[in-house]
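What follows is a set of notes on a single structure, which appears directly below.
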Amino acid sequence: KSELNIVVCCVIFLQVLNEKKLQEVDSLWKEFETPEKANKIVKLKHFEKFQDTTEALAASTALVEGKLSKNLKKILKKIVAKDAHEQLAVADAKLGGVIKEKLNLSCIHSPMVTELMRGIRSQIEGLITGLPSREMAAMCLGLAHSLSRYKLKFSPDKVDTMIIQAISLLDDLDKELNNYIMRCREWYGWHFPELGKIITDNLTYCKCVRKVGDRSNFASSDVSDILPEEIEEDVKAAAEISMGTEVSEEDINNIIHLCDQVIEISEYRTQLYDYLKNRMMAIAPNLTVMVGELVGARLIAHAGSLLNLAKHPASTVQLLGAEKALFRALKTKRDTPKFGLIYHASLVGQSNTKNKGKISRMLAAKTALTIRYDALGENTSAEMGAENRLKVETRLRLLEERGIRRISGTGKALAKTDKYQNKSEVKVFDPSGDSTLPVVSKKRKIQEVDEPDTAVAVKAKKFKAEMK
């Protein structure tokens, strides 16, 4: 009987009894249909109990991350080192590489090992004697909860969820603010319609309505802390001659309550924006320098996490957010879009319409580099983002200057301007343009004079012929 040691977890070692049956990978599951069949294939070689849940969690976390824990290292040295000539089957190839590197043990990972592990897990209660199924289920459930809690607490991607939630909430607040402000303007507009044309800022409008209330109070109210002096005078003058309808005090109270909601949401939005800005500078400083915190946060939210965004190539980063337009263009065989969410970056907005595609392509390439640097790099400075932004700005400046250049054979020569010279020329007035009579050419006159003479001569000849 050959021996093949199998690591099920860091405390259980099983020995293979019949290695020939392992060669038939497709039918290996039949050997684990019952505990009796499973005991003919493998048998328990060593079992070591965890002291507490903390130790089990540490060992499980190390296995998930493909690392070799201290407890597992001791057991491998003590148990497996005796049979160093045999192979050690592992379910994780990364863990097998670490074991081979540190302990110099021969490890194997193949589809056969995967099927064998699946069979062992299905019959683990029959292979380990003296362990009730209820206790086994409770132990597995407790360890699974602890492992999930640990992953959620120490996950490197957990900070991305804060950014995703913050930018999503920011967009929702903008939509709600627009709806509330439109409703407030329309509602109060029935009472004082002229105020909406005089005050264009939404937040100032709501503050003014909340402080004054009824339009008749504008004459006696002081809103100099909200409005400039000129606009205040216009508002008071318009309130005296307003064409709005009269409303009850209850209506005004409801409108003021709506204004309170708008002001509170606006203040919270400002606070949330500052929080998002600080989060982005802490997590993805180079991405923030390149495209700004709002565009960077929307890119992360669209990809799902910063690590997922780092896996995208530059061409995908350029078109993130324009998937519908892309597939519609491919379906109809038309021109594909040149930009998606990256269109809202300040560098793309600064460029001309003709150069937006080029700038967005270059910006996407540099942004992809900064994303990978933020996601996978250890340095947290924003120097790389500043350098790449400077390169894109230089390229934008060159493209803008190229439009000023003259189109020539080389296409590189700058437009040349002649040196200015002041030439004083004395011009004489031409009086011929003063006459309003039509000008008749001399040839015309000669023809008109000659035509009657020829007619008289013809008549004379005819007369002489008749006399004869």
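Every chain in the structure tokens has a letter given in the order shown (A, B, ...), and although residue numbers restart at 1 in each chain, ligands are simply numbered from 1 in the order shown.
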Do you know which residues are at most 8 Å from Thr204 (chain A) counting only C-alpha atoms, after dropping those on the same chain fewer than 4 positions away, and could you put them as a ChimeraX atom specification?
/A:199,208,226-227
Per DSSP on the backbone, what are the alpha helix (DSSP H) residues of region 272-434 of chain A, as a PDB file with N, CA and C atoms, in the first residue's frame?
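Listing of result_28.pdb after writing:
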ATOM      1  N   LEU A 272     -20.932  65.729   3.155  1.00  0.00           N
ATOM      2  CA  LEU A 272     -20.655  64.445   2.508  1.00  0.00           C
ATOM      3  C   LEU A 272     -19.603  64.590   1.417  1.00  0.00           C
ATOM      4  N   TYR A 273     -19.634  65.711   0.700  1.00  0.00           N
ATOM      5  CA  TYR A 273     -18.631  65.942  -0.347  1.00  0.00           C
ATOM      6  C   TYR A 273     -17.231  66.074   0.255  1.00  0.00           C
ATOM      7  N   ASP A 274     -17.124  66.780   1.382  1.00  0.00           N
ATOM      8  CA  ASP A 274     -15.825  66.890   2.057  1.00  0.00           C
ATOM      9  C   ASP A 274     -15.340  65.523   2.528  1.00  0.00           C
ATOM     10  N   TYR A 275     -16.257  64.704   3.055  1.00  0.00           N
ATOM     11  CA  TYR A 275     -15.894  63.348   3.492  1.00  0.00           C
ATOM     12  C   TYR A 275     -15.395  62.513   2.314  1.00  0.00           C
ATOM     13  N   LEU A 276     -16.103  62.600   1.173  1.00  0.00           N
ATOM     14  CA  LEU A 276     -15.702  61.845  -0.015  1.00  0.00           C
ATOM     15  C   LEU A 276     -14.345  62.323  -0.525  1.00  0.00           C
ATOM     16  N   LYS A 277     -14.123  63.621  -0.483  1.00  0.00           N
ATOM     17  CA  LYS A 277     -12.851  64.179  -0.946  1.00  0.00           C
ATOM     18  C   LYS A 277     -11.692  63.660  -0.103  1.00  0.00           C
ATOM     19  N   ASN A 278     -11.855  63.652   1.214  1.00  0.00           N
ATOM     20  CA  ASN A 278     -10.801  63.152   2.101  1.00  0.00           C
ATOM     21  C   ASN A 278     -10.582  61.656   1.913  1.00  0.00           C
ATOM     22  N   ARG A 279     -11.663  60.897   1.740  1.00  0.00           N
ATOM     23  CA  ARG A 279     -11.547  59.456   1.528  1.00  0.00           C
ATOM     24  C   ARG A 279     -10.786  59.148   0.241  1.00  0.00           C
ATOM     25  N   MET A 280     -11.117  59.869  -0.824  1.00  0.00           N
ATOM     26  CA  MET A 280     -10.460  59.628  -2.108  1.00  0.00           C
ATOM     27  C   MET A 280      -8.973  59.975  -2.045  1.00  0.00           C
ATOM     28  N   MET A 281      -8.626  61.058  -1.345  1.00  0.00           N
ATOM     29  CA  MET A 281      -7.217  61.424  -1.219  1.00  0.00           C
ATOM     30  C   MET A 281      -6.455  60.421  -0.368  1.00  0.00           C
ATOM     31  N   ALA A 282      -7.146  59.741   0.551  1.00  0.00           N
ATOM     32  CA  ALA A 282      -6.474  58.747   1.382  1.00  0.00           C
ATOM     33  C   ALA A 282      -6.326  57.410   0.676  1.00  0.00           C
ATOM     34  N   ILE A 283      -7.308  57.042  -0.159  1.00  0.00           N
ATOM     35  CA  ILE A 283      -7.316  55.704  -0.774  1.00  0.00           C
ATOM     36  C   ILE A 283      -6.710  55.724  -2.166  1.00  0.00           C
ATOM     37  N   PRO A 285      -5.000  58.625  -4.077  1.00  0.00           N
ATOM     38  CA  PRO A 285      -4.564  60.017  -4.273  1.00  0.00           C
ATOM     39  C   PRO A 285      -4.177  60.339  -5.706  1.00  0.00           C
ATOM     40  N   ASN A 286      -3.516  59.405  -6.383  1.00  0.00           N
ATOM     41  CA  ASN A 286      -3.083  59.664  -7.758  1.00  0.00           C
ATOM     42  C   ASN A 286      -4.274  59.738  -8.722  1.00  0.00           C
ATOM     43  N   LEU A 287      -5.253  58.855  -8.509  1.00  0.00           N
ATOM     44  CA  LEU A 287      -6.466  58.907  -9.330  1.00  0.00           C
ATOM     45  C   LEU A 287      -7.213  60.214  -9.104  1.00  0.00           C
ATOM     46  N   THR A 288      -7.247  60.688  -7.873  1.00  0.00           N
ATOM     47  CA  THR A 288      -7.937  61.946  -7.557  1.00  0.00           C
ATOM     48  C   THR A 288      -7.254  63.123  -8.225  1.00  0.00           C
ATOM     49  N   VAL A 289      -5.914  63.120  -8.246  1.00  0.00           N
ATOM     50  CA  VAL A 289      -5.184  64.212  -8.892  1.00  0.00           C
ATOM     51  C   VAL A 289      -5.426  64.215 -10.393  1.00  0.00           C
ATOM     52  N   MET A 290      -5.562  63.033 -10.988  1.00  0.00           N
ATOM     53  CA  MET A 290      -5.716  62.939 -12.444  1.00  0.00           C
ATOM     54  C   MET A 290      -7.094  63.397 -12.911  1.00  0.00           C
ATOM     55  N   VAL A 291      -8.145  62.875 -12.335  1.00  0.00           N
ATOM     56  CA  VAL A 291      -9.503  63.117 -12.861  1.00  0.00           C
ATOM     57  C   VAL A 291     -10.427  63.797 -11.867  1.00  0.00           C
ATOM     58  N   GLU A 293     -12.018  64.015  -7.608  1.00  0.00           N
ATOM     59  CA  GLU A 293     -12.589  63.046  -6.669  1.00  0.00           C
ATOM     60  C   GLU A 293     -13.939  62.506  -7.124  1.00  0.00           C
ATOM     61  N   LEU A 294     -14.758  63.326  -7.779  1.00  0.00           N
ATOM     62  CA  LEU A 294     -16.081  62.857  -8.196  1.00  0.00           C
ATOM     63  C   LEU A 294     -15.982  61.842  -9.325  1.00  0.00           C
ATOM     64  N   VAL A 295     -15.196  62.160 -10.354  1.00  0.00           N
ATOM     65  CA  VAL A 295     -15.042  61.228 -11.481  1.00  0.00           C
ATOM     66  C   VAL A 295     -14.334  59.959 -11.018  1.00  0.00           C
ATOM     67  N   GLY A 296     -13.317  60.102 -10.162  1.00  0.00           N
ATOM     68  CA  GLY A 296     -12.618  58.926  -9.646  1.00  0.00           C
ATOM     69  C   GLY A 296     -13.530  58.029  -8.830  1.00  0.00           C
ATOM     70  N   ALA A 297     -14.368  58.630  -7.983  1.00  0.00           N
ATOM     71  CA  ALA A 297     -15.300  57.833  -7.177  1.00  0.00           C
ATOM     72  C   ALA A 297     -16.327  57.140  -8.055  1.00  0.00           C
ATOM     73  N   ARG A 298     -16.787  57.808  -9.106  1.00  0.00           N
ATOM     74  CA  ARG A 298     -17.767  57.169 -10.007  1.00  0.00           C
ATOM     75  C   ARG A 298     -17.127  56.025 -10.784  1.00  0.00           C
ATOM     76  N   LEU A 299     -15.862  56.153 -11.147  1.00  0.00           N
ATOM     77  CA  LEU A 299     -15.168  55.044 -11.825  1.00  0.00           C
ATOM     78  C   LEU A 299     -15.047  53.839 -10.891  1.00  0.00           C
ATOM     79  N   ILE A 300     -14.689  54.078  -9.627  1.00  0.00           N
ATOM     80  CA  ILE A 300     -14.573  52.990  -8.658  1.00  0.00           C
ATOM     81  C   ILE A 300     -15.929  52.335  -8.426  1.00  0.00           C
ATOM     82  N   ALA A 301     -16.970  53.162  -8.301  1.00  0.00           N
ATOM     83  CA  ALA A 301     -18.313  52.608  -8.074  1.00  0.00           C
ATOM     84  C   ALA A 301     -18.790  51.807  -9.279  1.00  0.00           C
ATOM     85  N   HIS A 302     -18.457  52.255 -10.478  1.00  0.00           N
ATOM     86  CA  HIS A 302     -18.896  51.541 -11.684  1.00  0.00           C
ATOM     87  C   HIS A 302     -18.176  50.203 -11.820  1.00  0.00           C
ATOM     88  N   ALA A 303     -16.897  50.164 -11.432  1.00  0.00           N
ATOM     89  CA  ALA A 303     -16.134  48.913 -11.541  1.00  0.00           C
ATOM     90  C   ALA A 303     -16.418  47.972 -10.383  1.00  0.00           C
ATOM     91  N   LEU A 306     -11.713  49.315  -6.180  1.00  0.00           N
ATOM     92  CA  LEU A 306     -10.481  49.859  -6.762  1.00  0.00           C
ATOM     93  C   LEU A 306      -9.649  48.764  -7.397  1.00  0.00           C
ATOM     94  N   LEU A 307      -9.664  47.566  -6.809  1.00  0.00           N
ATOM     95  CA  LEU A 307      -8.895  46.452  -7.369  1.00  0.00           C
ATOM     96  C   LEU A 307      -9.490  45.992  -8.697  1.00  0.00           C
ATOM     97  N   ASN A 308     -10.810  45.938  -8.795  1.00  0.00           N
ATOM     98  CA  ASN A 308     -11.442  45.580 -10.066  1.00  0.00           C
ATOM     99  C   ASN A 308     -11.164  46.625 -11.133  1.00  0.00           C
ATOM    100  N   LEU A 309     -11.152  47.896 -10.726  1.00  0.00           N
ATOM    101  CA  LEU A 309     -10.852  48.970 -11.674  1.00  0.00           C
ATOM    102  C   LEU A 309      -9.408  48.887 -12.159  1.00  0.00           C
ATOM    103  N   ALA A 310      -8.503  48.447 -11.275  1.00  0.00           N
ATOM    104  CA  ALA A 310      -7.096  48.309 -11.657  1.00  0.00           C
ATOM    105  C   ALA A 310      -6.894  47.202 -12.684  1.00  0.00           C
ATOM    106  N   ALA A 314      -6.733  50.431 -20.288  1.00  0.00           N
ATOM    107  CA  ALA A 314      -7.012  51.857 -20.483  1.00  0.00           C
ATOM    108  C   ALA A 314      -8.204  52.073 -21.408  1.00  0.00           C
ATOM    109  N   SER A 315      -8.368  51.202 -22.409  1.00  0.00           N
ATOM    110  CA  SER A 315      -9.489  51.355 -23.338  1.00  0.00           C
ATOM    111  C   SER A 315     -10.824  51.155 -22.629  1.00  0.00           C
ATOM    112  N   THR A 316     -10.862  50.259 -21.645  1.00  0.00           N
ATOM    113  CA  THR A 316     -12.097  50.048 -20.881  1.00  0.00           C
ATOM    114  C   THR A 316     -12.356  51.213 -19.935  1.00  0.00           C
ATOM    115  N   VAL A 317     -11.286  51.730 -19.312  1.00  0.00           N
ATOM    116  CA  VAL A 317     -11.435  52.891 -18.418  1.00  0.00           C
ATOM    117  C   VAL A 317     -11.980  54.083 -19.197  1.00  0.00           C
ATOM    118  N   GLN A 318     -11.544  54.217 -20.448  1.00  0.00           N
ATOM    119  CA  GLN A 318     -12.001  55.335 -21.277  1.00  0.00           C
ATOM    120  C   GLN A 318     -13.500  55.265 -21.555  1.00  0.00           C
ATOM    121  N   LEU A 319     -14.047  54.050 -21.686  1.00  0.00           N
ATOM    122  CA  LEU A 319     -15.452  53.882 -22.084  1.00  0.00           C
ATOM    123  C   LEU A 319     -16.350  53.445 -20.935  1.00  0.00           C
ATOM    124  N   GLU A 323     -21.433  51.997 -21.928  1.00  0.00           N
ATOM    125  CA  GLU A 323     -21.577  50.645 -22.475  1.00  0.00           C
ATOM    126  C   GLU A 323     -22.750  50.552 -23.448  1.00  0.00           C
ATOM    127  N   LYS A 324     -23.859  51.188 -23.114  1.00  0.00           N
ATOM    128  CA  LYS A 324     -25.024  51.133 -23.994  1.00  0.00           C
ATOM    129  C   LYS A 324     -24.719  51.753 -25.350  1.00  0.00           C
ATOM    130  N   ALA A 325     -24.079  52.910 -25.335  1.00  0.00           N
ATOM    131  CA  ALA A 325     -23.728  53.577 -26.594  1.00  0.00           C
ATOM    132  C   ALA A 325     -22.734  52.743 -27.391  1.00  0.00           C
ATOM    133  N   LEU A 326     -21.802  52.072 -26.692  1.00  0.00           N
ATOM    134  CA  LEU A 326     -20.811  51.243 -27.382  1.00  0.00           C
ATOM    135  C   LEU A 326     -21.470  50.070 -28.096  1.00  0.00           C
ATOM    136  N   PHE A 327     -22.312  49.332 -27.388  1.00  0.00           N
ATOM    137  CA  PHE A 327     -22.942  48.152 -27.997  1.00  0.00           C
ATOM    138  C   PHE A 327     -23.968  48.556 -29.063  1.00  0.00           C
ATOM    139  N   ARG A 328     -24.611  49.698 -28.871  1.00  0.00           N
ATOM    140  CA  ARG A 328     -25.523  50.167 -29.906  1.00  0.00           C
ATOM    141  C   ARG A 328     -24.760  50.539 -31.176  1.00  0.00           C
ATOM    142  N   ALA A 329     -23.578  51.153 -31.003  1.00  0.00           N
ATOM    143  CA  ALA A 329     -22.762  51.511 -32.163  1.00  0.00           C
ATOM    144  C   ALA A 329     -22.225  50.263 -32.869  1.00  0.00           C
ATOM    145  N   LEU A 330     -21.835  49.254 -32.088  1.00  0.00           N
ATOM    146  CA  LEU A 330     -21.353  48.018 -32.705  1.00  0.00           C
ATOM    147  C   LEU A 330     -22.476  47.282 -33.431  1.00  0.00           C
ATOM    148  N   LYS A 331     -23.678  47.366 -32.871  1.00  0.00           N
ATOM    149  CA  LYS A 331     -24.813  46.671 -33.483  1.00  0.00           C
ATOM    150  C   LYS A 331     -25.236  47.344 -34.782  1.00  0.00           C
ATOM    151  N   THR A 332     -25.240  48.669 -34.785  1.00  0.00           N
ATOM    152  CA  THR A 332     -25.669  49.421 -35.977  1.00  0.00           C
ATOM    153  C   THR A 332     -24.516  49.749 -36.904  1.00  0.00           C
ATOM    154  N   SER A 346     -11.810  67.406 -15.751  1.00  0.00           N
ATOM    155  CA  SER A 346     -11.536  68.800 -16.106  1.00  0.00           C
ATOM    156  C   SER A 346     -10.642  68.915 -17.338  1.00  0.00           C
ATOM    157  N   LEU A 347      -9.714  67.975 -17.525  1.00  0.00           N
ATOM    158  CA  LEU A 347      -8.813  68.039 -18.673  1.00  0.00           C
ATOM    159  C   LEU A 347      -9.568  67.843 -19.980  1.00  0.00           C
ATOM    160  N   VAL A 348     -10.550  66.962 -19.992  1.00  0.00           N
ATOM    161  CA  VAL A 348     -11.351  66.760 -21.213  1.00  0.00           C
ATOM    162  C   VAL A 348     -12.249  67.971 -21.448  1.00  0.00           C
ATOM    163  N   GLY A 349     -12.761  68.563 -20.383  1.00  0.00           N
ATOM    164  CA  GLY A 349     -13.611  69.734 -20.538  1.00  0.00           C
ATOM    165  C   GLY A 349     -12.866  70.951 -21.048  1.00  0.00           C
ATOM    166  N   GLN A 350     -11.560  71.045 -20.764  1.00  0.00           N
ATOM    167  CA  GLN A 350     -10.769  72.190 -21.223  1.00  0.00           C
ATOM    168  C   GLN A 350     -10.468  72.130 -22.707  1.00  0.00           C
ATOM    169  N   LYS A 356     -11.128  66.399 -28.039  1.00  0.00           N
ATOM    170  CA  LYS A 356     -11.640  65.688 -26.859  1.00  0.00           C
ATOM    171  C   LYS A 356     -11.341  64.195 -26.928  1.00  0.00           C
ATOM    172  N   GLY A 357     -11.438  63.601 -28.118  1.00  0.00           N
ATOM    173  CA  GLY A 357     -11.169  62.169 -28.252  1.00  0.00           C
ATOM    174  C   GLY A 357      -9.727  61.826 -27.953  1.00  0.00           C
ATOM    175  N   LYS A 358      -8.791  62.644 -28.468  1.00  0.00           N
ATOM    176  CA  LYS A 358      -7.366  62.388 -28.231  1.00  0.00           C
ATOM    177  C   LYS A 358      -7.014  62.563 -26.758  1.00  0.00           C
ATOM    178  N   ILE A 359      -7.529  63.629 -26.172  1.00  0.00           N
ATOM    179  CA  ILE A 359      -7.215  63.887 -24.765  1.00  0.00           C
ATOM    180  C   ILE A 359      -7.825  62.811 -23.871  1.00  0.00           C
ATOM    181  N   SER A 360      -9.046  62.384 -24.163  1.00  0.00           N
ATOM    182  CA  SER A 360      -9.672  61.341 -23.338  1.00  0.00           C
ATOM    183  C   SER A 360      -8.915  60.025 -23.454  1.00  0.00           C
ATOM    184  N   ARG A 361      -8.384  59.715 -24.638  1.00  0.00           N
ATOM    185  CA  ARG A 361      -7.611  58.479 -24.806  1.00  0.00           C
ATOM    186  C   ARG A 361      -6.310  58.539 -24.011  1.00  0.00           C
ATOM    187  N   MET A 362      -5.626  59.677 -24.091  1.00  0.00           N
ATOM    188  CA  MET A 362      -4.368  59.810 -23.345  1.00  0.00           C
ATOM    189  C   MET A 362      -4.630  59.867 -21.843  1.00  0.00           C
ATOM    190  N   LEU A 363      -5.690  60.562 -21.452  1.00  0.00           N
ATOM    191  CA  LEU A 363      -6.027  60.643 -20.029  1.00  0.00           C
ATOM    192  C   LEU A 363      -6.395  59.276 -19.471  1.00  0.00           C
ATOM    193  N   ALA A 364      -7.103  58.459 -20.253  1.00  0.00           N
ATOM    194  CA  ALA A 364      -7.462  57.112 -19.809  1.00  0.00           C
ATOM    195  C   ALA A 364      -6.218  56.240 -19.630  1.00  0.00           C
ATOM    196  N   ALA A 365      -5.242  56.397 -20.524  1.00  0.00           N
ATOM    197  CA  ALA A 365      -4.009  55.610 -20.411  1.00  0.00           C
ATOM    198  C   ALA A 365      -3.249  55.973 -19.136  1.00  0.00           C
ATOM    199  N   LYS A 366      -3.119  57.264 -18.872  1.00  0.00           N
ATOM    200  CA  LYS A 366      -2.411  57.689 -17.658  1.00  0.00           C
ATOM    201  C   LYS A 366      -3.223  57.357 -16.401  1.00  0.00           C
ATOM    202  N   THR A 367      -4.547  57.452 -16.504  1.00  0.00           N
ATOM    203  CA  THR A 367      -5.396  57.140 -15.356  1.00  0.00           C
ATOM    204  C   THR A 367      -5.300  55.659 -14.992  1.00  0.00           C
ATOM    205  N   ALA A 368      -5.222  54.796 -15.999  1.00  0.00           N
ATOM    206  CA  ALA A 368      -5.080  53.357 -15.732  1.00  0.00           C
ATOM    207  C   ALA A 368      -3.790  53.064 -14.956  1.00  0.00           C
ATOM    208  N   LEU A 369      -2.707  53.790 -15.293  1.00  0.00           N
ATOM    209  CA  LEU A 369      -1.446  53.607 -14.557  1.00  0.00           C
ATOM    210  C   LEU A 369      -1.579  54.061 -13.107  1.00  0.00           C
ATOM    211  N   THR A 370      -2.217  55.208 -12.905  1.00  0.00           N
ATOM    212  CA  THR A 370      -2.364  55.719 -11.542  1.00  0.00           C
ATOM    213  C   THR A 370      -3.281  54.826 -10.706  1.00  0.00           C
ATOM    214  N   ILE A 371      -4.303  54.232 -11.330  1.00  0.00           N
ATOM    215  CA  ILE A 371      -5.204  53.330 -10.603  1.00  0.00           C
ATOM    216  C   ILE A 371      -4.439  52.103 -10.107  1.00  0.00           C
ATOM    217  N   ARG A 372      -3.609  51.540 -10.965  1.00  0.00           N
ATOM    218  CA  ARG A 372      -2.825  50.360 -10.566  1.00  0.00           C
ATOM    219  C   ARG A 372      -1.802  50.720  -9.490  1.00  0.00           C
ATOM    220  N   TYR A 373      -1.261  51.914  -9.591  1.00  0.00           N
ATOM    221  CA  TYR A 373      -0.296  52.355  -8.585  1.00  0.00           C
ATOM    222  C   TYR A 373      -0.978  52.527  -7.230  1.00  0.00           C
ATOM    223  N   ASP A 374      -2.202  53.077  -7.242  1.00  0.00           N
ATOM    224  CA  ASP A 374      -2.943  53.259  -5.989  1.00  0.00           C
ATOM    225  C   ASP A 374      -3.410  51.930  -5.406  1.00  0.00           C
ATOM    226  N   ALA A 375      -3.831  51.004  -6.280  1.00  0.00           N
ATOM    227  CA  ALA A 375      -4.393  49.744  -5.796  1.00  0.00           C
ATOM    228  C   ALA A 375      -3.317  48.760  -5.335  1.00  0.00           C
ATOM    229  N   LEU A 376      -2.201  48.726  -6.036  1.00  0.00           N
ATOM    230  CA  LEU A 376      -1.192  47.697  -5.781  1.00  0.00           C
ATOM    231  C   LEU A 376       0.107  48.233  -5.214  1.00  0.00           C
ATOM    232  N   GLU A 383       2.610  61.928  -6.150  1.00  0.00           N
ATOM    233  CA  GLU A 383       3.582  62.491  -7.089  1.00  0.00           C
ATOM    234  C   GLU A 383       3.389  61.930  -8.498  1.00  0.00           C
ATOM    235  N   MET A 384       3.114  60.633  -8.585  1.00  0.00           N
ATOM    236  CA  MET A 384       2.942  60.014  -9.898  1.00  0.00           C
ATOM    237  C   MET A 384       1.742  60.620 -10.629  1.00  0.00           C
ATOM    238  N   GLY A 385       0.646  60.830  -9.915  1.00  0.00           N
ATOM    239  CA  GLY A 385      -0.524  61.442 -10.531  1.00  0.00           C
ATOM    240  C   GLY A 385      -0.248  62.849 -11.010  1.00  0.00           C
ATOM    241  N   ALA A 386       0.514  63.629 -10.220  1.00  0.00           N
ATOM    242  CA  ALA A 386       0.851  64.998 -10.622  1.00  0.00           C
ATOM    243  C   ALA A 386       1.737  65.007 -11.876  1.00  0.00           C
ATOM    244  N   GLU A 387       2.690  64.068 -11.952  1.00  0.00           N
ATOM    245  CA  GLU A 387       3.555  64.001 -13.133  1.00  0.00           C
ATOM    246  C   GLU A 387       2.761  63.634 -14.383  1.00  0.00           C
ATOM    247  N   ASN A 388       1.886  62.648 -14.270  1.00  0.00           N
ATOM    248  CA  ASN A 388       1.088  62.239 -15.431  1.00  0.00           C
ATOM    249  C   ASN A 388       0.099  63.331 -15.840  1.00  0.00           C
ATOM    250  N   ARG A 389      -0.453  64.046 -14.884  1.00  0.00           N
ATOM    251  CA  ARG A 389      -1.361  65.144 -15.225  1.00  0.00           C
ATOM    252  C   ARG A 389      -0.614  66.243 -15.972  1.00  0.00           C
ATOM    253  N   LEU A 390       0.625  66.500 -15.556  1.00  0.00           N
ATOM    254  CA  LEU A 390       1.432  67.509 -16.245  1.00  0.00           C
ATOM    255  C   LEU A 390       1.712  67.098 -17.687  1.00  0.00           C
ATOM    256  N   LYS A 391       1.938  65.800 -17.912  1.00  0.00           N
ATOM    257  CA  LYS A 391       2.168  65.314 -19.277  1.00  0.00           C
ATOM    258  C   LYS A 391       0.918  65.499 -20.138  1.00  0.00           C
ATOM    259  N   VAL A 392      -0.234  65.196 -19.580  1.00  0.00           N
ATOM    260  CA  VAL A 392      -1.480  65.360 -20.343  1.00  0.00           C
ATOM    261  C   VAL A 392      -1.747  66.834 -20.629  1.00  0.00           C
ATOM    262  N   GLU A 393      -1.472  67.706 -19.662  1.00  0.00           N
ATOM    263  CA  GLU A 393      -1.658  69.141 -19.885  1.00  0.00           C
ATOM    264  C   GLU A 393      -0.711  69.655 -20.962  1.00  0.00           C
ATOM    265  N   THR A 394       0.527  69.153 -20.962  1.00  0.00           N
ATOM    266  CA  THR A 394       1.482  69.553 -22.009  1.00  0.00           C
ATOM    267  C   THR A 394       1.003  69.102 -23.376  1.00  0.00           C
ATOM    268  N   ARG A 395       0.506  67.887 -23.453  1.00  0.00           N
ATOM    269  CA  ARG A 395      -0.023  67.370 -24.718  1.00  0.00           C
ATOM    270  C   ARG A 395      -1.238  68.178 -25.169  1.00  0.00           C
ATOM    271  N   LEU A 396      -2.093  68.561 -24.239  1.00  0.00           N
ATOM    272  CA  LEU A 396      -3.261  69.375 -24.571  1.00  0.00           C
ATOM    273  C   LEU A 396      -2.834  70.730 -25.106  1.00  0.00           C
ATOM    274  N   ARG A 397      -1.794  71.325 -24.499  1.00  0.00           N
ATOM    275  CA  ARG A 397      -1.302  72.616 -24.953  1.00  0.00           C
ATOM    276  C   ARG A 397      -0.733  72.518 -26.373  1.00  0.00           C
ATOM    277  N   LEU A 398      -0.031  71.433 -26.662  1.00  0.00           N
ATOM    278  CA  LEU A 398       0.516  71.248 -28.013  1.00  0.00           C
ATOM    279  C   LEU A 398      -0.601  71.099 -29.045  1.00  0.00           C
ATOM    280  N   LEU A 399      -1.636  70.351 -28.697  1.00  0.00           N
ATOM    281  CA  LEU A 399      -2.757  70.174 -29.631  1.00  0.00           C
ATOM    282  C   LEU A 399      -3.494  71.484 -29.862  1.00  0.00           C
ATOM    283  N   GLU A 400      -3.615  72.304 -28.809  1.00  0.00           N
ATOM    284  CA  GLU A 400      -4.291  73.584 -28.979  1.00  0.00           C
ATOM    285  C   GLU A 400      -3.469  74.535 -29.833  1.00  0.00           C
ATOM    286  N   GLU A 401      -2.134  74.514 -29.664  1.00  0.00           N
ATOM    287  CA  GLU A 401      -1.268  75.389 -30.461  1.00  0.00           C
ATOM    288  C   GLU A 401      -1.200  74.947 -31.907  1.00  0.00           C
ATOM    289  N   ARG A 402      -1.348  73.648 -32.152  1.00  0.00           N
ATOM    290  CA  ARG A 402      -1.281  73.159 -33.525  1.00  0.00           C
ATOM    291  C   ARG A 402      -2.420  73.708 -34.367  1.00  0.00           C
TER     292      ARG A 402
END
Contacts of Cys259 (chain A) within 10 Å, only C-alpha atoms, excl. fewer than 5 positions in-chain, as a PyMOL selection string
chain A and resi 180-181+184-185+203+205-211+253-254+264-265
Record the distance separating CA of Pro111 (chain A) and CA of Asp26 (chain A), expressed in Å with one decimal.
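One can read the CA of Pro111 (chain A) to CA of Asp26 (chain A) distance as 9.7 Å.
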Just the residues within 9 Å of Trp190 (chain A), please, counting only C-alpha atoms, with nothing from its chain fewer than 2 positions along; format it as a ChimeraX atom specification.
/A:185-188,192-193,243-247
If you run DSSP on the backbone here, which positions in region 85-247 of chain A get strand (DSSP E or B)? Please write them as an NGL selection string.
:A and (87-89 or 107-108)
Expressed in Å, the length from CA of Ile124 (chain A) to CA of Asp92 (chain A) is 18.7 Å
Between CA of Lys311 (chain A) and CA of Leu169 (chain A), measure the distance and give it in Å to one decimal.
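Atom-to-atom, CA of Lys311 (chain A) and CA of Leu169 (chain A) are spaced 25.6 Å apart.
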Within 7 Å of region 64-66 of chain A, counting only C-alpha atoms, which residues show up once you throw out same-chain ones fewer than 3 positions away? Write them as a ChimeraX atom specification, please.
/A:60-61,94-95
Which of these residues is nearest to Ala284 (chain A), using only C-alpha atoms: A:Thr54, A:Asn39, A:Asn379, A:Gln261?
A:Asn379
